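Coordinates from protein.txt are shown below (compact mmCIF, C-alpha atoms and all ligand atoms).
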# COMPACT_ATOMS: atom_id res chain seq x y z
CA MET G 92 0.00 0.00 0.00
CA SER G 93 1.64 3.23 -1.07
CA SER G 94 -0.72 5.83 0.37
CA GLY G 95 2.24 7.96 1.51
CA CYS G 96 0.76 7.92 5.01
CA TRP G 97 4.20 7.28 6.50
CA SER G 98 5.61 10.64 5.54
CA PRO G 99 4.53 14.01 6.93
CA LEU G 100 2.07 16.14 4.97
CA PRO G 101 3.53 18.75 2.62
CA GLY G 102 4.66 21.80 4.56
CA MET G 103 4.77 19.90 7.85
CA ALA G 104 7.79 18.26 9.42
CA ASP G 105 8.87 15.93 12.19
CA LEU G 106 11.36 17.34 14.61
CA GLY G 107 13.79 15.14 16.52
CA PRO G 108 17.46 14.75 17.36
CA PRO G 109 19.85 16.28 16.50
CA GLU G 110 17.97 19.48 15.36
CA ILE G 111 15.62 19.39 18.37
CA ARG G 112 18.60 20.18 20.61
CA LEU G 113 19.05 23.52 18.88
CA TRP G 114 15.32 24.21 19.31
CA GLN G 115 15.60 23.38 23.00
CA ARG G 116 18.58 25.68 23.43
CA VAL G 117 16.81 28.52 21.61
CA GLU G 118 13.68 28.00 23.73
CA ALA G 119 15.66 27.89 26.97
CA ASP G 120 17.49 31.14 26.05
CA ALA G 121 14.15 32.80 25.31
CA ARG G 122 12.53 31.60 28.55
CA ARG G 123 15.42 33.07 30.53
CA ILE G 124 15.02 36.46 28.87
CA LEU G 125 11.21 36.40 29.19
CA ALA G 126 11.55 35.89 32.95
CA LEU G 127 13.66 39.06 33.15
CA TYR G 128 10.70 40.92 31.67
CA ARG G 129 8.18 39.21 33.98
CA VAL G 130 6.40 37.50 31.10
CA GLU G 131 4.74 34.19 31.96
CA GLU G 132 3.80 31.26 29.76
CA LEU G 133 0.26 30.74 28.47
CA ARG G 134 -0.80 27.53 26.73
CA THR G 135 -4.00 27.70 24.74
CA PRO G 136 -5.75 25.05 22.63
CA ILE G 137 -4.57 24.58 19.07
CA LEU G 138 -8.18 24.28 17.89
CA GLU G 139 -10.60 27.20 18.30
CA ARG G 140 -13.93 28.35 16.92
CA THR G 141 -13.50 29.74 13.40
CA SER G 142 -15.40 32.87 14.40
CA LEU G 143 -12.65 33.79 16.90
CA PHE G 144 -10.13 34.23 14.09
CA GLN G 145 -12.66 35.87 11.76
CA ARG G 146 -13.44 38.50 14.40
CA ALA G 147 -9.96 39.06 15.81
CA ILE G 148 -7.78 38.82 12.69
CA GLY G 149 -10.30 40.31 10.26
CA GLU G 150 -12.59 38.81 7.60
CA GLU G 151 -10.75 40.45 4.74
CA THR G 152 -7.24 39.27 5.61
CA ASP G 153 -5.47 36.64 3.49
CA VAL G 154 -5.01 34.57 6.63
CA VAL G 155 -8.78 34.31 7.18
CA GLN G 156 -9.81 34.27 3.52
CA LYS G 157 -7.32 31.75 2.19
CA GLU G 158 -4.99 30.27 4.75
CA MET G 159 -7.00 28.68 7.54
CA PHE G 160 -7.37 24.94 8.06
CA THR G 161 -11.09 24.93 8.82
CA PHE G 162 -13.46 22.01 9.21
CA GLU G 163 -16.79 21.14 10.77
CA ASP G 164 -16.95 18.90 13.82
CA ARG G 165 -19.67 16.28 14.21
CA GLY G 166 -22.00 18.84 15.74
CA GLY G 167 -21.67 21.09 12.67
CA ARG G 168 -19.51 23.68 14.46
CA SER G 169 -16.87 25.35 12.32
CA LEU G 170 -13.44 24.89 13.90
CA THR G 171 -10.01 26.14 12.82
CA LEU G 172 -6.44 25.17 13.63
CA ARG G 173 -4.94 28.36 15.03
CA PRO G 174 -3.15 30.32 12.28
CA GLU G 175 -1.51 32.61 14.87
CA GLY G 176 -1.44 33.02 18.63
CA THR G 177 -2.76 36.48 19.46
CA ALA G 178 -6.48 35.70 19.03
CA GLY G 179 -6.36 32.63 21.29
CA ALA G 180 -4.20 34.39 23.88
CA ILE G 181 -6.64 37.30 24.11
CA ARG G 182 -9.60 34.89 24.32
CA ALA G 183 -7.89 33.00 27.14
CA LEU G 184 -6.94 36.16 29.02
CA CYS G 185 -10.49 37.52 28.73
CA ASP G 186 -11.80 34.20 29.97
CA VAL G 187 -9.97 34.63 33.28
CA GLY G 188 -10.82 38.33 33.45
CA ALA G 189 -7.27 39.43 32.74
CA GLU G 190 -6.59 43.13 32.78
CA ALA G 191 -4.06 45.63 31.62
CA GLY G 192 -0.70 44.54 32.96
CA SER G 193 -1.07 40.86 31.95
CA ARG G 194 2.13 39.71 30.30
CA VAL G 195 2.19 36.33 28.57
CA PHE G 196 4.19 34.37 26.04
CA TYR G 197 3.34 31.24 24.07
CA LEU G 198 5.42 28.78 22.20
CA GLY G 199 3.92 26.27 19.84
CA PRO G 200 2.65 25.22 16.44
CA MET G 201 0.52 27.42 14.17
CA PHE G 202 -1.15 26.34 10.93
CA ARG G 203 -1.58 28.19 7.66
CA ALA G 204 -2.65 26.55 4.41
CA GLU G 205 -0.08 28.38 2.32
CA ARG G 206 1.86 27.01 -0.64
CA PRO G 207 4.89 25.37 1.03
CA GLN G 208 8.30 26.72 0.06
CA ALA G 209 11.62 27.44 1.79
CA GLY G 210 10.74 29.22 5.03
CA ARG G 211 7.00 28.90 4.49
CA ARG G 212 5.38 25.92 6.18
CA ARG G 213 1.84 24.80 6.78
CA GLN G 214 2.72 23.89 10.34
CA PHE G 215 5.26 26.26 11.82
CA HIS G 216 6.17 27.35 15.33
CA GLN G 217 5.98 30.75 16.90
CA LEU G 218 7.31 32.25 20.07
CA GLY G 219 4.79 34.99 20.73
CA VAL G 220 4.42 37.64 23.41
CA GLU G 221 1.36 39.68 24.38
CA LEU G 222 1.60 42.57 26.87
CA LEU G 223 -1.84 43.96 27.70
CA GLY G 224 -2.31 47.63 28.40
CA PRO G 225 -3.47 50.90 26.84
CA PRO G 226 -1.44 52.66 24.16
CA ALA G 227 1.86 54.07 25.44
CA PRO G 228 4.95 54.53 23.27
CA GLU G 229 7.08 53.26 26.19
CA ALA G 230 5.11 49.98 26.31
CA ASP G 231 5.60 49.49 22.56
CA ALA G 232 9.32 50.27 22.83
CA GLU G 233 9.68 47.83 25.74
CA CYS G 234 7.96 45.12 23.69
CA ILE G 235 10.26 45.71 20.72
CA ALA G 236 13.27 45.76 23.10
CA LEU G 237 12.21 42.36 24.44
CA MET G 238 11.97 40.94 20.92
CA TRP G 239 15.33 42.45 20.10
CA ARG G 240 16.96 41.03 23.22
CA ILE G 241 15.72 37.55 22.38
CA LEU G 242 16.99 37.79 18.79
CA SER G 243 20.34 39.13 20.08
CA GLU G 244 20.66 36.35 22.63
CA TRP G 245 20.31 33.88 19.76
CA GLY G 246 23.05 35.68 17.83
CA LEU G 247 20.64 37.25 15.33
CA ALA G 248 21.14 40.93 16.16
CA ASP G 249 21.97 41.52 12.49
CA ALA G 250 18.23 41.34 11.77
CA ARG G 251 16.73 44.52 10.32
CA LEU G 252 13.83 46.21 12.00
CA ARG G 253 11.17 48.16 10.09
CA LEU G 254 8.70 50.27 11.97
CA HIS G 255 5.51 52.09 11.14
CA THR G 256 2.04 52.89 12.37
CA ARG G 257 -1.51 51.93 11.51
CA GLY G 258 -2.89 54.99 13.26
CA THR G 259 -5.85 54.72 15.61
CA VAL G 260 -9.42 53.53 15.16
CA ALA G 261 -10.37 57.19 14.74
CA ASP G 262 -7.91 57.47 11.82
CA GLN G 263 -9.34 54.48 10.00
CA PRO G 264 -12.18 56.25 8.11
CA ALA G 265 -9.68 58.81 6.77
CA VAL G 266 -7.18 56.07 5.85
CA ARG G 267 -9.89 53.99 4.19
CA GLU G 268 -11.38 56.89 2.28
CA GLY G 269 -7.98 58.31 1.32
CA LEU G 270 -6.81 54.95 0.01
CA ARG G 271 -10.13 54.19 -1.64
CA ALA G 272 -10.09 57.48 -3.53
CA ARG G 273 -6.54 56.89 -4.83
CA LEU G 274 -7.18 53.24 -5.66
CA ALA G 275 -10.49 53.97 -7.40
CA GLU G 276 -8.48 55.78 -10.08
CA VAL G 277 -6.74 52.50 -10.96
CA ARG G 278 -9.59 50.15 -10.08
CA ASP G 279 -9.66 48.31 -13.41
CA ALA G 280 -5.96 47.50 -13.19
CA LEU G 281 -6.34 45.82 -9.75
CA CYS G 282 -6.75 42.06 -9.43
CA GLU G 283 -10.23 40.66 -8.75
CA ASP G 284 -9.52 40.16 -5.03
CA CYS G 285 -8.33 43.74 -4.66
CA GLN G 286 -11.37 45.15 -6.43
CA ARG G 287 -13.49 43.43 -3.79
CA ARG G 288 -11.17 44.55 -0.98
CA LEU G 289 -11.38 48.11 -2.27
CA ASP G 290 -15.02 48.28 -1.20
CA ARG G 291 -14.67 46.42 2.08
CA GLN G 292 -11.17 46.95 3.51
CA PRO G 293 -8.90 48.96 1.18
CA LEU G 294 -5.96 48.58 3.59
CA ARG G 295 -5.79 44.91 2.60
CA VAL G 296 -5.05 45.91 -1.00
CA LEU G 297 -1.62 46.96 0.26
CA ASP G 298 -0.51 43.42 1.04
CA CYS G 299 -1.68 41.85 -2.21
CA LYS G 300 1.09 39.63 -3.55
CA GLN G 301 0.19 40.08 -7.25
CA ALA G 302 2.99 41.86 -9.14
CA GLY G 303 0.55 44.17 -10.98
CA CYS G 304 -1.09 45.35 -7.75
CA GLN G 305 2.26 45.77 -6.01
CA GLN G 306 3.41 48.05 -8.83
CA LEU G 307 0.33 50.21 -8.39
CA MET G 308 0.87 50.37 -4.62
CA ALA G 309 4.36 51.78 -5.15
CA GLY G 310 2.76 54.89 -6.61
CA LEU G 311 0.51 55.54 -3.59
CA PRO G 312 1.24 58.25 -1.03
CA ALA G 313 2.60 57.10 2.37
CA LEU G 314 -0.20 56.06 4.71
CA THR G 315 0.94 58.62 7.28
CA THR G 316 -0.47 61.35 5.04
CA PHE G 317 -3.97 60.17 6.02
CA LEU G 318 -3.24 60.01 9.76
CA ALA G 319 -3.98 62.51 12.51
CA GLU G 320 -1.07 64.51 13.94
CA ASP G 321 -1.30 62.61 17.27
CA SER G 322 -0.78 59.25 15.55
CA ARG G 323 2.28 60.52 13.71
CA ARG G 324 3.64 61.91 16.98
CA TYR G 325 3.11 58.54 18.68
CA LEU G 326 5.21 56.85 15.98
CA ASP G 327 7.96 59.48 16.32
CA ARG G 328 8.02 58.91 20.07
CA VAL G 329 8.42 55.13 19.64
CA ALA G 330 11.26 55.71 17.15
CA THR G 331 12.99 58.12 19.58
CA LEU G 332 12.63 55.69 22.49
CA LEU G 333 14.11 52.90 20.38
CA SER G 334 17.15 54.98 19.54
CA SER G 335 17.59 55.75 23.25
CA LEU G 336 17.75 51.95 23.67
CA GLN G 337 20.28 51.71 20.83
CA ILE G 338 17.85 49.72 18.72
CA GLU G 339 18.09 50.68 15.10
CA ALA G 340 14.71 50.81 13.38
CA MET G 341 13.90 52.06 9.91
CA VAL G 342 10.62 53.93 9.70
CA ASP G 343 9.04 52.49 6.56
CA GLY G 344 5.76 53.85 5.22
CA ARG G 345 5.40 50.77 2.97
CA LEU G 346 5.30 48.31 5.86
CA VAL G 347 2.11 46.26 5.76
CA ARG G 348 1.02 43.66 8.29
CA GLY G 349 -1.42 41.01 7.15
CA LEU G 350 -3.67 41.17 10.24
CA ASP G 351 -6.44 43.68 10.88
CA TYR G 352 -6.30 44.02 14.68
CA TYR G 353 -3.42 46.48 14.72
CA GLU G 354 -3.54 50.12 15.68
CA HIS G 355 -0.62 52.49 16.22
CA THR G 356 2.80 50.84 16.12
CA ILE G 357 3.54 47.95 13.73
CA TRP G 358 6.91 46.38 13.00
CA GLU G 359 8.64 43.55 11.23
CA ALA G 360 12.15 42.11 11.53
CA THR G 361 13.83 40.53 8.51
CA HIS G 362 17.05 38.55 8.52
CA PRO G 363 19.64 38.71 5.71
CA ALA G 364 20.43 34.97 5.86
CA LEU G 365 16.85 34.10 4.83
CA GLY G 366 15.66 33.94 1.24
CA ALA G 367 12.40 35.24 -0.22
CA GLN G 368 10.54 34.61 3.08
CA ASP G 369 12.84 36.78 5.14
CA ALA G 370 10.45 38.02 7.86
CA ILE G 371 11.76 36.44 11.04
CA ALA G 372 9.34 38.24 13.37
CA GLY G 373 6.47 40.68 13.29
CA GLY G 374 4.29 42.49 15.75
CA GLY G 375 2.41 45.57 16.73
CA ARG G 376 -0.03 47.26 19.03
CA TYR G 377 -3.60 46.02 18.74
CA ARG G 378 -7.15 46.63 19.80
CA ILE G 379 -9.45 43.62 19.81
CA GLU G 380 -13.15 43.71 20.65
CA ALA G 381 -13.95 40.62 22.67
CA GLU G 382 -17.48 39.97 23.95
CA GLY G 383 -18.40 43.57 24.46
CA ARG G 384 -15.07 44.66 25.88
CA VAL G 385 -12.07 46.16 24.18
CA VAL G 386 -8.68 44.56 24.84
CA GLU G 387 -5.63 46.64 24.10
CA GLY G 388 -2.09 45.41 24.05
CA VAL G 389 1.13 45.08 22.17
CA GLY G 390 2.93 41.94 21.06
CA PHE G 391 4.98 40.10 18.52
CA ALA G 392 5.69 36.61 17.24
CA ILE G 393 8.97 35.16 16.07
CA GLY G 394 8.92 32.36 13.47
CA LEU G 395 11.07 29.61 14.93
CA GLU G 396 11.65 27.66 11.67
CA ARG G 397 13.08 30.87 10.23
CA VAL G 398 15.23 31.36 13.34
CA MET G 399 16.64 27.86 12.80
CA MET G 400 17.28 28.60 9.12
CA ALA G 401 19.14 31.81 10.02
CA LEU G 402 21.20 30.03 12.70
CA GLN G 403 22.05 27.16 10.35
CA ALA G 404 23.08 29.65 7.65
CA ARG G 405 25.40 31.13 10.27
CA GLY G 406 26.95 27.70 10.85
CA VAL G 407 25.38 27.18 14.29
CA ALA G 408 25.16 23.42 14.85
CA PRO G 409 22.87 21.65 17.34
CA PRO G 410 24.57 20.98 20.69
CA PRO G 411 26.04 17.46 20.97
CA ASP G 412 24.04 14.53 22.27
CA PRO G 413 24.28 14.53 26.09
CA ALA G 414 26.72 11.68 26.78
CA PRO G 415 26.03 9.25 29.65
CA ALA G 416 28.55 9.34 32.49
CA VAL G 417 28.47 5.56 32.69
CA TRP G 418 27.29 2.62 30.56
CA LEU G 419 26.37 -0.59 32.32
CA VAL G 420 27.65 -3.73 30.61
CA SER G 421 26.14 -7.05 31.70
CA VAL G 422 27.70 -10.49 31.49
CA GLY G 423 24.88 -13.03 31.78
CA ASP G 424 21.18 -12.88 32.61
CA ARG G 425 21.52 -12.27 36.34
CA ALA G 426 23.80 -9.29 35.77
CA THR G 427 21.38 -7.91 33.15
CA ALA G 428 18.51 -8.00 35.68
CA GLU G 429 20.68 -6.56 38.48
CA ASN G 430 21.97 -3.80 36.18
CA LEU G 431 18.39 -2.66 35.54
CA VAL G 432 18.10 -2.02 39.29
CA LEU G 433 21.56 -0.40 39.43
CA ALA G 434 20.71 1.89 36.46
CA GLU G 435 17.67 3.20 38.35
CA ARG G 436 19.76 3.72 41.51
CA LEU G 437 22.36 5.71 39.57
CA ARG G 438 19.69 7.84 37.89
CA SER G 439 18.07 8.54 41.28
CA ALA G 440 21.47 9.83 42.35
CA GLY G 441 21.47 12.13 39.30
CA VAL G 442 23.96 10.12 37.25
CA PRO G 443 23.14 9.95 33.50
CA CYS G 444 23.41 6.28 32.74
CA GLY G 445 22.89 4.00 29.72
CA ALA G 446 22.76 0.25 29.13
CA ASP G 447 21.35 -2.19 26.65
CA TRP G 448 19.21 -5.16 27.59
CA SER G 449 19.65 -7.15 24.41
CA GLY G 450 21.89 -9.82 25.92
CA ARG G 451 24.51 -9.11 23.27
CA SER G 452 28.18 -9.95 23.71
CA VAL G 453 30.38 -7.82 25.99
CA LYS G 454 32.19 -6.59 22.88
CA ALA G 455 28.92 -5.42 21.28
CA GLN G 456 27.87 -3.73 24.54
CA MET G 457 31.25 -1.95 24.75
CA ARG G 458 30.74 -0.75 21.17
CA ALA G 459 27.34 0.65 22.18
CA ALA G 460 28.97 2.42 25.16
CA HIS G 461 31.52 3.94 22.83
CA LYS G 462 28.88 5.01 20.31
CA ALA G 463 26.83 6.71 23.04
CA GLY G 464 29.95 8.67 24.09
CA ALA G 465 29.92 7.21 27.63
CA VAL G 466 32.81 8.37 29.83
CA TRP G 467 32.92 5.12 31.77
CA ALA G 468 31.78 1.53 31.22
CA ALA G 469 30.94 -0.57 34.30
CA VAL G 470 31.07 -4.33 33.64
CA ARG G 471 29.36 -6.85 35.94
CA GLY G 472 29.08 -10.62 35.76
CA ASP G 473 28.37 -13.29 38.41
CA GLU G 474 31.76 -12.77 40.06
CA GLU G 475 31.26 -9.00 40.50
CA LEU G 476 27.68 -9.54 41.68
CA ALA G 477 28.94 -11.87 44.43
CA ALA G 478 31.64 -9.40 45.48
CA GLY G 479 29.42 -6.27 45.25
CA THR G 480 31.84 -4.67 42.79
CA CYS G 481 32.15 -3.79 39.11
CA ARG G 482 35.00 -3.50 36.65
CA LEU G 483 35.13 0.14 35.71
CA LYS G 484 36.75 1.08 32.43
CA HIS G 485 37.63 4.63 31.45
CA MET G 486 36.60 4.71 27.79
CA ALA G 487 39.09 7.33 26.59
CA SER G 488 42.25 5.95 28.27
CA GLY G 489 41.25 2.27 28.45
CA GLU G 490 42.36 2.20 32.11
CA GLU G 491 40.51 -0.33 34.27
CA ARG G 492 39.99 -0.75 38.00
CA THR G 493 37.62 -2.51 40.37
CA VAL G 494 35.26 -0.36 42.45
CA ALA G 495 32.56 -1.18 44.96
CA VAL G 496 29.06 -0.78 43.47
CA ASP G 497 28.12 1.47 46.39
CA GLU G 498 30.87 3.88 45.35
CA LEU G 499 30.08 3.82 41.64
CA ALA G 500 27.88 6.95 41.63
CA ALA G 501 30.53 9.01 43.42
CA VAL G 502 33.38 7.75 41.22
CA VAL G 503 31.65 8.37 37.86
CA SER G 504 30.38 11.77 39.03
CA GLY G 505 33.88 12.87 39.98
CA PRO G 506 36.62 14.07 37.61
CA ALA G 507 37.09 11.58 34.75
P1 LIG B 601 2.89 37.20 11.58
O1 LIG B 601 3.73 38.28 10.96
O2 LIG B 601 1.77 36.70 10.77
O3 LIG B 601 2.39 37.77 12.96
O4 LIG B 601 3.80 35.96 11.97
C1 LIG B 601 4.95 36.15 12.76
C2 LIG B 601 6.11 35.33 12.21
O5 LIG B 601 5.73 33.97 12.05
C3 LIG B 601 6.57 35.74 10.81
O6 LIG B 601 7.45 36.85 10.86
C4 LIG B 601 7.28 34.49 10.35
O7 LIG B 601 8.61 34.45 10.89
C5 LIG B 601 6.48 33.38 11.00
N1 LIG B 601 5.56 32.78 10.00
C6 LIG B 601 4.36 33.24 9.60
N2 LIG B 601 3.82 32.41 8.67
C7 LIG B 601 4.72 31.41 8.49
C8 LIG B 601 4.75 30.23 7.69
N3 LIG B 601 3.73 29.90 6.88
N4 LIG B 601 5.84 29.42 7.77
C9 LIG B 601 6.86 29.71 8.59
N5 LIG B 601 6.89 30.81 9.38
C10 LIG B 601 5.82 31.64 9.34
C11 LIG B 601 1.54 37.10 13.81
O8 LIG B 601 1.29 35.95 13.73
C12 LIG B 601 1.01 37.97 14.94
N6 LIG B 601 0.13 37.12 15.77
C13 LIG B 601 2.14 38.55 15.74
C14 LIG B 601 1.66 39.40 16.86
C15 LIG B 601 1.56 39.04 18.17
N7 LIG B 601 1.21 40.64 16.77
C16 LIG B 601 0.83 41.07 17.97
N8 LIG B 601 1.04 40.10 18.83
Write the structure described by the file as structure tokens, please.
Ligand code: HAM
Amino acid sequence: MSSGCWSPLPGMADLGPPEIRLWQRVEADARRILALYRVEELRTPILERTSLFQRAIGEETDVVQKEMFTFEDRGGRSLTLRPEGTAGAIRALCDVGAEAGSRVFYLGPMFRAERPQAGRRRQFHQLGVELLGPPAPEADAECIALMWRILSEWGLADARLRLHTRGTVADQPAVREGLRARLAEVRDALCEDCQRRLDRQPLRVLDCKQAGCQQLMAGLPALTTFLAEDSRRYLDRVATLLSSLQIEAMVDGRLVRGLDYYEHTIWEATHPALGAQDAIAGGGRYRIEAEGRVVEGVGFAIGLERVMMALQARGVAPPPDPAPAVWLVSVGDRATAENLVLAERLRSAGVPCGADWSGRSVKAQMRAAHKAGAVWAAVRGDEELAAGTCRLKHMASGEERTVAVDELAAVVSGPA
């Protein structure tokens, strides 16, 4: 039967040793930094009601229109695999009555039904952060500084940061009308999708990927021209704060973010080691209406597959396999059974220990010890069992000595 069911779906991947060790290191580095900023972990379900994403991300976005994995459950409810983490995080925080001041991060898989290519997956992983609170340039700058510190800790401080603003809710009619008026002049040259977007959410025309539409966008005035003075001042303030933190950001009027919940500051970080899909992280300030209340906050998400690609391009290899301090080698059935007990005793004492239970020859077991990178091999047969000892071999030097089993943990934990 060649149904292909034994390989992952296109755009999805298994993740195991050795690459997983680099993921674990990256995650541990990030967790350490997040604790410095008092940001705590939030785990939300991967599956949510489709309407959550439609409301929070926006009906007219590409993510909602084209990229969601959506299906009906047996009860006829429309469910969607989360395409991003902000909507679920806000839902969860509202559920527990969270207020301004909540600071959470999440780490996990997201799903977008995009055409797979280098750096673009259907299942990918994000490290995301959401800091709830009302608009304040300092809060936005702190959030960007946190993202920057994480990227720097990973050795990716050569990323480039682009910054801009969406303006406020109050600016939106002027932005929409301003854009609509300019785009109406070229309506017939826009793609079918964009002609529809023009009536409903003209901002979405800006992130159309069609070459013809992109060319037309290049001729549009900067969005800031449609914004109120206060919104422009807010952006200037964020830019000034970032330079006081020695974070270089390019203010870029052409920056578009593919999600509709943003207001005020938006940003994106690209990395030069990545190819066409070079956005390594993106974020912004948002305002989401959830069950009659308005949640304001600022956040970002870093794409971890792209982080790995950038690190690999920089020659960063996964850390080596953690080698066992000692490998137990058994001569005969009794020793095999006794070594199972000894292995557990050693592990309870915090000693990383390996063994194999296959009943293979001593030579084959020694080869396994060598392959695992064990520092010591401890050999026991009937004679050693009777004497309460083992023959301890130092793998690198080949030196051998007899030690009491009760002393084994101390000896193999000491200097090799
Ligand atoms: P986003 O820009 O859609 O933002 O995604 C953030 C990052 O996820 C991207 O910069 C990219 O590195 C990675 N990413 C996105 N799609 C894919 C894909 N198909 N394959 C591989 N990596 C991908 C958000 O998701 C917002 N929720 C960020 C945010 C949080 N804004 C405020 N709070």
#### Entry: Residues within 7 Å of ligand LIG 601 (chain B), counting only C-alpha atoms and all ligand atoms, as a ChimeraX atom specification
/G:175-177,203,205,210-217,219-221,348-349,359,370-377,389-397
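For the atom pair formed by CA of Val494 in chain G and CA of Cys481 in chain G, the distance is 5.7 Å, given to one decimal.
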### Residues within 7 Å of range 259-265 of chain G, only C-alpha atoms, excluding chain neighbours under 2 positions, as a count of residues only
10
### One-decimal distance in Å that lies between CA of Gly472 in chain G and CA of Gly423 in chain G
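So the answer is 6.3 Å.
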Padding of 8 Å on every side, edges along x, y and z, all listed atoms of range 124-130 of chain G included: what centre and edge lengths in Å, to one decimal, does that box have, as lines of an AutoDock Vina configuration file?
center_x = 10.7
center_y = 38.4
center_z = 31.4
size_x = 24.6
size_y = 21.0
size_z = 21.1
### Message
Rounded to one decimal, what separation in Å do you get between CA of Arg451 in chain G and CA of Ala428 in chain G?
### Response
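A separation of 13.8 Å between them.
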### Query
For Ala302 in chain G, which residue among G:Ala280, G:Met399, G:Leu198, G:Ala459 is the nearest when counting only C-alpha atoms?
G:Ala280
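The set of protein, DNA and RNA residues with any counted atom at most 9 Å from (-2.3, 27.7, 29.0) (all atoms listed in the file) reads Glu132, Leu133, Arg134, Thr135, Pro136, Ala180, Ala183 and Tyr197 of chain G.
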### Message
Using only C-alpha atoms, which protein or nucleic acid residues come within 8 Å of range 467-470 of chain G? Drop anything in the same chain fewer than 5 positions from it, and give the result as a list in words.
### Response
Ala416, Val417, Trp418, Leu419, Val420, Ser421, Val422, Met457, Ala460, Cys481, Arg482, Leu483, Lys484, His485, Met486 and Val503 of chain G
Residues from the last selection, C-alpha atoms, saved as a PDB file, in the frame of the given file:
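Writing the result to out_15.pdb gives the following:
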ATOM      1  CA  ALA G 416      28.550   9.340  32.490  1.00  0.00           C
ATOM      2  CA  VAL G 417      28.470   5.560  32.690  1.00  0.00           C
ATOM      3  CA  TRP G 418      27.290   2.620  30.560  1.00  0.00           C
ATOM      4  CA  LEU G 419      26.370  -0.590  32.320  1.00  0.00           C
ATOM      5  CA  VAL G 420      27.650  -3.730  30.610  1.00  0.00           C
ATOM      6  CA  SER G 421      26.140  -7.050  31.700  1.00  0.00           C
ATOM      7  CA  VAL G 422      27.700 -10.490  31.490  1.00  0.00           C
ATOM      8  CA  MET G 457      31.250  -1.950  24.750  1.00  0.00           C
ATOM      9  CA  ALA G 460      28.970   2.420  25.160  1.00  0.00           C
ATOM     10  CA  CYS G 481      32.150  -3.790  39.110  1.00  0.00           C
ATOM     11  CA  ARG G 482      35.000  -3.500  36.650  1.00  0.00           C
ATOM     12  CA  LEU G 483      35.130   0.140  35.710  1.00  0.00           C
ATOM     13  CA  LYS G 484      36.750   1.080  32.430  1.00  0.00           C
ATOM     14  CA  HIS G 485      37.630   4.630  31.450  1.00  0.00           C
ATOM     15  CA  MET G 486      36.600   4.710  27.790  1.00  0.00           C
ATOM     16  CA  VAL G 503      31.650   8.370  37.860  1.00  0.00           C
TER      17      VAL G 503
END
